[in-house]
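The structure appears below as structure tokens.
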Amino acid sequence: MSDSARITIRLSKDATEKLQKLVDEGEFKNISEVVRRAIEDFLASKFAPQNIERVNVNLPKKTVALLLELVDKGEVEAVDLDDAIRLAVKEYVRHMISREAEAEIKKAMKDMQKEKEVKK
């Protein structure tokens, strides 16, 4: 007994040609694999844990190539491209929070200094 089910879909000629191009370029073995991957990605985004939101990121090809190279060389603590992007976003958010916290501290210090001057 198989763990899978067969379905049949109809696609436009244009969509089919684009799927075939992915196969011809060697990214996938066949159109079925492309469709399976697309459906799996769709389902993963729709059924992600409640504390997770999946997002799509469009990056220049050179940036992707650089990230992949950094991952392959072990220069970032990431296991793959998705992980490298996740880590980069986390680090950026930490940096922005630090900058915001620093600005709030400076403002609080100025406010305290003004209060001291008013009391004198």
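How things are named: the first chain in the structure tokens is A, the next is B, and so on; residues count from 1 in each chain; ligands count from 1 in the order shown.
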
Practice task
Skip range 37-54 of chain A itself and residues of its chain fewer than 2 positions away, then list as a ChimeraX atom specification all residues within 12 Å of it, counting only C-alpha atoms.
Solution key: /A:19,27-35,56-57,82,86

Write out the residues from the selection above, keeping C-alpha atoms, as a PDB file, in the first residue's frame.
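And here's part_10.pdb as it stands now:
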ATOM      1  CA  LEU A  19       7.638  24.363 -15.191  1.00  0.00           C
ATOM      2  CA  GLU A  27      16.637  22.345 -11.020  1.00  0.00           C
ATOM      3  CA  PHE A  28      14.188  19.428 -10.901  1.00  0.00           C
ATOM      4  CA  LYS A  29      14.022  15.916 -12.355  1.00  0.00           C
ATOM      5  CA  ASN A  30      10.524  16.341 -13.802  1.00  0.00           C
ATOM      6  CA  ILE A  31       7.407  18.505 -13.675  1.00  0.00           C
ATOM      7  CA  SER A  32       5.835  16.320 -10.984  1.00  0.00           C
ATOM      8  CA  GLU A  33       8.753  17.108  -8.687  1.00  0.00           C
ATOM      9  CA  VAL A  34       8.289  20.852  -9.326  1.00  0.00           C
ATOM     10  CA  VAL A  35       4.576  20.649  -8.521  1.00  0.00           C
ATOM     11  CA  ASN A  56       9.276  35.016   0.926  1.00  0.00           C
ATOM     12  CA  VAL A  57      12.380  37.078   0.296  1.00  0.00           C
ATOM     13  CA  ASP A  82      17.262  29.680   4.554  1.00  0.00           C
ATOM     14  CA  ARG A  86      17.022  33.759   9.162  1.00  0.00           C
TER      15      ARG A  86
END

Exercise for the section: Looking only at alpha helix (DSSP H) from DSSP on the backbone, list the matching residues of range 39-112 of chain A as a VMD selection string. Expected result: chain A and resid 39 to 46 61 to 73 81 to 112

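Here CA of Asp83 in chain A is placed at a distance of 22.4 Å from CA of Ser98 in chain A.
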
Handout entry: Interatomic distance, CA of Asn58 in chain A to CA of Arg10 in chain A (Å, one decimal)
Key = 27.9 Å

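CA of Thr63 in chain A lies 10.7 Å from CA of Leu81 in chain A.
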